[in-house]
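See below for the structure under consideration.
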Amino acid sequence: MKNEIVVPPYVVELQNGQCQVTLAGDLTAATIPDLQPALRKALNQGASEMVFDLPNAVMLDSSGIGILIATANSVARRGGKIRVTNVSDDILRLLQMMRLVDRLNATGRPRQESHRG
């Protein structure tokens, strides 16, 4: 018998108007079909701030960028905002080249301090 641990690709938590979307991996076309209805549900339940936390993401494709922009547009219509946090350096550079950092309120991952002994 095989023991498998299944990790969901994301977790969506809604509290006090803030929706926190924490991704276990990348934000790509493979993630979008399941994620999109969860985002729609959060918006319908009154989310005015959407926070996408990408602590393990190393890839963001055009579908991922599309869902971030669509979500930003949806919350902006309600007077809310989007934030994309813990973005890898490569993804942050991509968002900078596309001039999306300000629009998505994107921030990089905290820097690890080097420990010298």
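FYI, nothing fancy with the structure tokens labels: chains A, B, ... in order, residues from 1 per chain, ligands from 1 as they appear.
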Find the residues around Asp34 (chain A) up to 12 Å (only C-alpha atoms counted), leave out those fewer than 5 positions away in its own chain, and share them as a list in words. Pro8, Pro9, Tyr10, Val11, Val12, Leu27, Thr28, Ala29, Leu39, Arg40, Lys41 and Ile67 of chain A
DSSP strand (DSSP E or B) residues within region 37-110 of chain A, listed as an MDAnalysis selection string: chainID A and resid 49:53 60 81:87 106:108
If you count only C-alpha atoms, which residues fall within 12 Å of Ala30 (chain A), apart from same-chain ones fewer than 5 positions away, as a PDB file with C-alpha atoms, in the first residue's frame?
ATOM      1  CA  PRO A   9      -1.927  23.712  -5.175  1.00  0.00           C
ATOM      2  CA  TYR A  10      -3.331  26.652  -3.212  1.00  0.00           C
ATOM      3  CA  GLY A  25       3.831  26.178  -6.312  1.00  0.00           C
ATOM      4  CA  LEU A  35      -8.382  28.632  -8.769  1.00  0.00           C
ATOM      5  CA  GLN A  36     -10.696  30.837 -10.820  1.00  0.00           C
ATOM      6  CA  MET A  59       7.137  30.244 -12.721  1.00  0.00           C
ATOM      7  CA  LEU A  60       4.395  32.656 -13.725  1.00  0.00           C
ATOM      8  CA  ASP A  61       3.016  32.156 -17.236  1.00  0.00           C
ATOM      9  CA  SER A  62       0.637  34.267 -19.317  1.00  0.00           C
ATOM     10  CA  SER A  63      -2.391  32.572 -17.737  1.00  0.00           C
ATOM     11  CA  GLY A  64      -1.094  33.405 -14.270  1.00  0.00           C
TER      12      GLY A  64
END
Name the residues in contact with region 86-101 of chain A at a cut-off of 7 Å, using only C-alpha atoms, excluding same-chain residues fewer than 3 positions from it; report them as an NGL selection string. :A and (53-55 or 57-60 or 104-109)
Please dump the current selection as an mmCIF file, in the first residue's frame; keep N, CA and C atoms.
data_model
loop_
_atom_site.group_PDB
_atom_site.id
_atom_site.type_symbol
_atom_site.label_atom_id
_atom_site.label_comp_id
_atom_site.auth_asym_id
_atom_site.auth_seq_id
_atom_site.Cartn_x
_atom_site.Cartn_y
_atom_site.Cartn_z
ATOM 1 N N ASP A 53 -0.037 35.147 -2.236
ATOM 2 C CA ASP A 53 1.247 34.859 -1.611
ATOM 3 C C ASP A 53 1.922 33.756 -2.427
ATOM 4 N N LEU A 54 3.095 34.043 -2.968
ATOM 5 C CA LEU A 54 3.780 33.108 -3.870
ATOM 6 C C LEU A 54 5.125 32.658 -3.289
ATOM 7 N N PRO A 55 5.133 32.071 -2.093
ATOM 8 C CA PRO A 55 6.407 31.760 -1.450
ATOM 9 C C PRO A 55 7.247 30.701 -2.163
ATOM 10 N N ALA A 57 6.664 29.858 -5.646
ATOM 11 C CA ALA A 57 6.503 29.960 -7.103
ATOM 12 C C ALA A 57 7.823 30.341 -7.759
ATOM 13 N N VAL A 58 8.155 29.603 -8.814
ATOM 14 C CA VAL A 58 9.316 29.954 -9.624
ATOM 15 C C VAL A 58 8.899 30.266 -11.059
ATOM 16 N N MET A 59 7.624 29.995 -11.367
ATOM 17 C CA MET A 59 7.137 30.244 -12.721
ATOM 18 C C MET A 59 5.774 30.935 -12.679
ATOM 19 N N LEU A 60 5.647 31.932 -13.534
ATOM 20 C CA LEU A 60 4.395 32.656 -13.725
ATOM 21 C C LEU A 60 4.219 32.786 -15.227
ATOM 22 N N LEU A 104 0.022 45.620 -9.472
ATOM 23 C CA LEU A 104 -0.253 44.422 -8.666
ATOM 24 C C LEU A 104 0.279 44.552 -7.241
ATOM 25 N N ASN A 105 0.892 45.692 -6.918
ATOM 26 C CA ASN A 105 1.489 45.881 -5.595
ATOM 27 C C ASN A 105 2.377 44.693 -5.243
ATOM 28 N N ALA A 106 3.251 44.327 -6.174
ATOM 29 C CA ALA A 106 4.093 43.149 -6.022
ATOM 30 C C ALA A 106 5.334 43.452 -5.189
ATOM 31 N N THR A 107 5.655 42.537 -4.292
ATOM 32 C CA THR A 107 6.844 42.656 -3.467
ATOM 33 C C THR A 107 7.604 41.338 -3.482
ATOM 34 N N GLY A 108 8.914 41.443 -3.376
ATOM 35 C CA GLY A 108 9.770 40.271 -3.411
ATOM 36 C C GLY A 108 9.800 39.518 -2.097
ATOM 37 N N ARG A 109 10.527 38.431 -2.119
ATOM 38 C CA ARG A 109 10.717 37.621 -0.919
ATOM 39 C C ARG A 109 11.709 38.317 0.004
#
